[in-house]
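S.K.: Below are the structure tokens for one structure; questions will follow.
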Amino acid sequence: EHFILLGGLPLIISYAEMQYEHKIRYLASFIIQTICKNTKSVTFQTFISCRGLPALVALLGGDYSENKDLIFMTIDSIYDIFELQNSTPKSDYLQLFIKCDLIPSLLDVMNNIIVDDEIFDAEEYENKIVNIFLKFSRGDAAIKEAVATKEAIESLLKEIDKLYLRQSINILKALKYLSSDSSTLDNLFDAGIIPKLISFINIYKNDEKQYQEISNQVLNIVYNLCRINKKRQESAAKAGVVPILQEYVYNPSPLKEFALPILCEMVHAGKITRDILWENNVLNSYILLMKDTFWQINAIDAIFAWYYILYFSNTYIYIEFTYSHCIIYIYIYFFFYNFYLGF
């Protein structure tokens with residue numbers, strides 16, 4: 001601390017730069033790691049004021065195979081900054097790291113770790129990187145927007161099924177938090193998130209416990225993306241989301257509130273989407289929902305809208321109704337004429 005108070009810290013930070021040989025950089029990184037383990041100290045505050053965070057991010061660069069020890073030490077240091085308690089709000093660190101382009105560097109490192117068969121503690125560092133990303137995803141709107149670049153999301157989606165399941169679920173949680181801000185939705189959609197999520201959830205369809213946990217995250221994301229957006233609804237329908245949403249017509253799960261509004265809205269999304277709904281017998285699902293007092297308004301609205309479109313396009317459909325369905329159909333028929341045509 002005396003050395004640092006005398007102004008030695010900028011010198012130590014400079015020795016971490018790429019121009020110095022590996023041994024010197026390693027020693028500088030070791031000192032930096034020691035500083036980051038005590039975030040309450042004056043030393044750490046001095047480290048921040050001396051542009052220590054950009055130096056940390058720079059240590060993630062360079063050739064991965066030649067600098068693994070430096071890179072892992074740096075990941076430990078960044079992880080410690082977020083995990084240890086201090087008086088500085090974590091949002092301040094998030095903003096500083098955003099300015100240093102930490103996220104692209106971390107994701108590049110994670111991609112290298114995944115394909116590296118020589119690391120015995122790969123899972124530990126994958127966990128740390130995913131958890132760091134998770135902290136960014138919980139930031140304010142400006143941080144969410146900065147993190148959710150198309151490139152970053154594509155990188156995450158590319159690796160999501162190559163990680164351990166717990167890490168994959170944490171990535172889904174991060175994507176859920178990002179999707180809660182409207183400024184991120186276009187980038188998430190453009191990165192191809194919808195088909196990837198549908199593909200991922202279907203992998204675990206026969207594993208009830210894991211399927212439920214994954215569904216919890218995926219349906220939240222689909223809801224945030226597709227709510228009142230016809231283009232995304234059509235994309236989701238093409239990707240195979242309809243059968244997944246239909247499960248919650250019969251399932252008393254709390255996830256109904258995310259699945260059923262989208263299922264009922266999809267009838268407005270265009271002919272392609274309605275054709276997919278028809279192929280999956282969704283009209284019967286709407287009729288079944290009419291028995292549920294909480295969802296019957298959504299169901300009736302969807303049926304009316306579908307009938308209205310078919311009526312004015314001179315399209316006729318044949319449906320086999322049970323007796324109870326006939327009663328419902330008659331009710332809809334008269335309500336349709338009174339409400340839509342003003343009779």
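We name chains A, B, ... following the order of the structure tokens; residues begin at 1 in each chain, and ligands are numbered from 1 as shown.
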So which residues touch Gly240 of chain A within 10 Å, counting only C-alpha atoms, skipping near sequence neighbours fewer than 5 positions away, as a CSV table (one decimal) with C-alpha atoms, in the first residue's frame?
M.R.:
```csv
chain,number,residue,atom,x,y,z
A,194,ILE,CA,-36.6,-17.5,-31.4
A,195,PRO,CA,-35.7,-20.6,-33.5
A,198,ILE,CA,-37.5,-23.5,-29.6
A,199,SER,CA,-34.9,-25.9,-30.8
A,202,ASN,CA,-37.4,-29.4,-27.5
A,235,SER,CA,-41.3,-16.3,-36.9
A,245,LEU,CA,-48.0,-22.9,-26.2
A,276,ILE,CA,-49.9,-23.0,-38.8
```
S.K.: Taking 3 positions as the minimum chain separation for residues in the same chain, which residues sit within 12 Å of Val130 of chain A when counting only C-alpha atoms? Answer as JSON, numbers by chain.
M.R.: {"A": [75, 79, 103, 106, 107, 109, 110, 111, 123, 124, 125, 126, 127, 133, 134, 135, 136, 137, 156, 159, 160, 163, 164, 165, 166, 167, 168, 169, 170, 171, 172, 173, 174, 175]}
S.K.: Those residues with N, CA and C atoms, as an mmCIF file, in the first residue's frame please?
M.R.:
```cif
data_model
loop_
_atom_site.group_PDB
_atom_site.id
_atom_site.type_symbol
_atom_site.label_atom_id
_atom_site.label_comp_id
_atom_site.auth_asym_id
_atom_site.auth_seq_id
_atom_site.Cartn_x
_atom_site.Cartn_y
_atom_site.Cartn_z
ATOM 1 N N ILE A 75 -9.980 -13.379 -15.291
ATOM 2 C CA ILE A 75 -11.389 -13.727 -15.044
ATOM 3 C C ILE A 75 -11.655 -13.784 -13.544
ATOM 4 N N TYR A 79 -14.315 -11.376 -11.636
ATOM 5 C CA TYR A 79 -15.366 -12.031 -10.847
ATOM 6 C C TYR A 79 -15.346 -11.534 -9.401
ATOM 7 N N ILE A 103 -17.578 -7.365 -22.463
ATOM 8 C CA ILE A 103 -18.428 -8.498 -22.857
ATOM 9 C C ILE A 103 -17.916 -9.213 -24.110
ATOM 10 N N LEU A 106 -14.907 -11.305 -23.079
ATOM 11 C CA LEU A 106 -15.277 -12.464 -22.260
ATOM 12 C C LEU A 106 -15.899 -13.579 -23.096
ATOM 13 N N LEU A 107 -16.768 -13.201 -24.037
ATOM 14 C CA LEU A 107 -17.434 -14.217 -24.857
ATOM 15 C C LEU A 107 -16.445 -14.909 -25.787
ATOM 16 N N VAL A 109 -13.324 -15.440 -25.024
ATOM 17 C CA VAL A 109 -12.612 -16.368 -24.134
ATOM 18 C C VAL A 109 -13.459 -17.610 -23.875
ATOM 19 N N MET A 110 -14.751 -17.427 -23.627
ATOM 20 C CA MET A 110 -15.623 -18.576 -23.360
ATOM 21 C C MET A 110 -15.673 -19.516 -24.556
ATOM 22 N N ASN A 111 -15.729 -18.957 -25.753
ATOM 23 C CA ASN A 111 -15.735 -19.795 -26.954
ATOM 24 C C ASN A 111 -14.463 -20.633 -27.042
ATOM 25 N N GLU A 123 -15.143 -25.871 -16.441
ATOM 26 C CA GLU A 123 -16.492 -25.580 -15.949
ATOM 27 C C GLU A 123 -16.493 -24.389 -14.992
ATOM 28 N N GLU A 124 -15.467 -24.306 -14.138
ATOM 29 C CA GLU A 124 -15.384 -23.201 -13.175
ATOM 30 C C GLU A 124 -15.335 -21.858 -13.888
ATOM 31 N N TYR A 125 -14.518 -21.775 -14.943
ATOM 32 C CA TYR A 125 -14.365 -20.488 -15.629
ATOM 33 C C TYR A 125 -15.542 -20.187 -16.550
ATOM 34 N N GLU A 126 -16.145 -21.216 -17.111
ATOM 35 C CA GLU A 126 -17.383 -21.000 -17.865
ATOM 36 C C GLU A 126 -18.466 -20.454 -16.940
ATOM 37 N N ASN A 127 -18.537 -21.021 -15.735
ATOM 38 C CA ASN A 127 -19.507 -20.537 -14.743
ATOM 39 C C ASN A 127 -19.283 -19.067 -14.420
ATOM 40 N N PHE A 133 -21.854 -12.262 -17.053
ATOM 41 C CA PHE A 133 -22.819 -11.796 -18.057
ATOM 42 C C PHE A 133 -24.201 -11.632 -17.432
ATOM 43 N N LEU A 134 -24.560 -12.542 -16.537
ATOM 44 C CA LEU A 134 -25.855 -12.472 -15.856
ATOM 45 C C LEU A 134 -25.983 -11.177 -15.061
ATOM 46 N N LYS A 135 -24.903 -10.742 -14.441
ATOM 47 C CA LYS A 135 -24.933 -9.484 -13.677
ATOM 48 C C LYS A 135 -25.166 -8.294 -14.608
ATOM 49 N N PHE A 136 -24.551 -8.316 -15.783
ATOM 50 C CA PHE A 136 -24.768 -7.230 -16.746
ATOM 51 C C PHE A 136 -26.217 -7.216 -17.228
ATOM 52 N N SER A 137 -26.789 -8.392 -17.412
ATOM 53 C CA SER A 137 -28.165 -8.467 -17.927
ATOM 54 C C SER A 137 -29.179 -7.902 -16.940
ATOM 55 N N LEU A 156 -23.604 -16.140 -27.756
ATOM 56 C CA LEU A 156 -24.220 -16.901 -26.660
ATOM 57 C C LEU A 156 -25.084 -18.043 -27.188
ATOM 58 N N GLU A 159 -23.273 -21.140 -28.426
ATOM 59 C CA GLU A 159 -22.644 -22.021 -27.444
ATOM 60 C C GLU A 159 -23.605 -22.575 -26.395
ATOM 61 N N ILE A 160 -24.857 -22.131 -26.398
ATOM 62 C CA ILE A 160 -25.755 -22.451 -25.284
ATOM 63 C C ILE A 160 -25.963 -23.949 -25.081
ATOM 64 N N LEU A 163 -22.739 -26.016 -23.334
ATOM 65 C CA LEU A 163 -22.383 -25.795 -21.936
ATOM 66 C C LEU A 163 -23.107 -26.787 -21.035
ATOM 67 N N TYR A 164 -22.701 -26.828 -19.776
ATOM 68 C CA TYR A 164 -23.455 -27.601 -18.790
ATOM 69 C C TYR A 164 -24.840 -26.975 -18.642
ATOM 70 N N LEU A 165 -25.818 -27.803 -18.303
ATOM 71 C CA LEU A 165 -27.204 -27.335 -18.305
ATOM 72 C C LEU A 165 -27.413 -26.154 -17.367
ATOM 73 N N ARG A 166 -26.785 -26.188 -16.186
ATOM 74 C CA ARG A 166 -26.953 -25.081 -15.243
ATOM 75 C C ARG A 166 -26.470 -23.768 -15.852
ATOM 76 N N GLN A 167 -25.378 -23.828 -16.605
ATOM 77 C CA GLN A 167 -24.868 -22.623 -17.271
ATOM 78 C C GLN A 167 -25.827 -22.176 -18.373
ATOM 79 N N SER A 168 -26.365 -23.140 -19.108
ATOM 80 C CA SER A 168 -27.321 -22.809 -20.175
ATOM 81 C C SER A 168 -28.553 -22.118 -19.606
ATOM 82 N N ILE A 169 -29.026 -22.605 -18.461
ATOM 83 C CA ILE A 169 -30.199 -21.991 -17.831
ATOM 84 C C ILE A 169 -29.878 -20.573 -17.370
ATOM 85 N N ASN A 170 -28.662 -20.355 -16.875
ATOM 86 C CA ASN A 170 -28.268 -18.996 -16.481
ATOM 87 C C ASN A 170 -28.194 -18.063 -17.688
ATOM 88 N N ILE A 171 -27.770 -18.595 -18.831
ATOM 89 C CA ILE A 171 -27.786 -17.787 -20.057
ATOM 90 C C ILE A 171 -29.225 -17.446 -20.430
ATOM 91 N N LEU A 172 -30.124 -18.413 -20.310
ATOM 92 C CA LEU A 172 -31.543 -18.145 -20.581
ATOM 93 C C LEU A 172 -32.083 -17.071 -19.643
ATOM 94 N N LYS A 173 -31.679 -17.123 -18.375
ATOM 95 C CA LYS A 173 -32.102 -16.092 -17.425
ATOM 96 C C LYS A 173 -31.594 -14.723 -17.861
ATOM 97 N N ALA A 174 -30.335 -14.682 -18.294
ATOM 98 C CA ALA A 174 -29.762 -13.413 -18.755
ATOM 99 C C ALA A 174 -30.530 -12.880 -19.960
ATOM 100 N N LEU A 175 -30.858 -13.765 -20.901
ATOM 101 C CA LEU A 175 -31.625 -13.351 -22.081
ATOM 102 C C LEU A 175 -33.024 -12.881 -21.684
#
```
S.K.: One number please: atom CA of Leu53 of chain A to atom CA of Ser105 of chain A, in Å, one decimal.
M.R.: 13.0 Å
S.K.: Could you list, as an MDAnalysis selection string, every residue within 12 Å of Gln212 of chain A, counting only C-alpha atoms and ignoring same-chain residues fewer than 3 positions away?
M.R.: chainID A and resid 169 201:202 204:209 215:219 244 247:248 251 253:255
S.K.: Could you pull out the residues in segment 1-70 of chain A that DSSP calls helix (DSSP H, G or I) from the backbone, as a ChimeraX atom specification?
M.R.: /A:2-5,9-14,22-36,42-49,52-58,68-70
S.K.: Have a look at A:Asp121, A:Ile300, A:Ile32, A:Tyr64 and name the one nearest to Leu9 of chain A; count only C-alpha atoms.
M.R.: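 Smallest separation from Leu9 of chain A among the options: A:Ile32.
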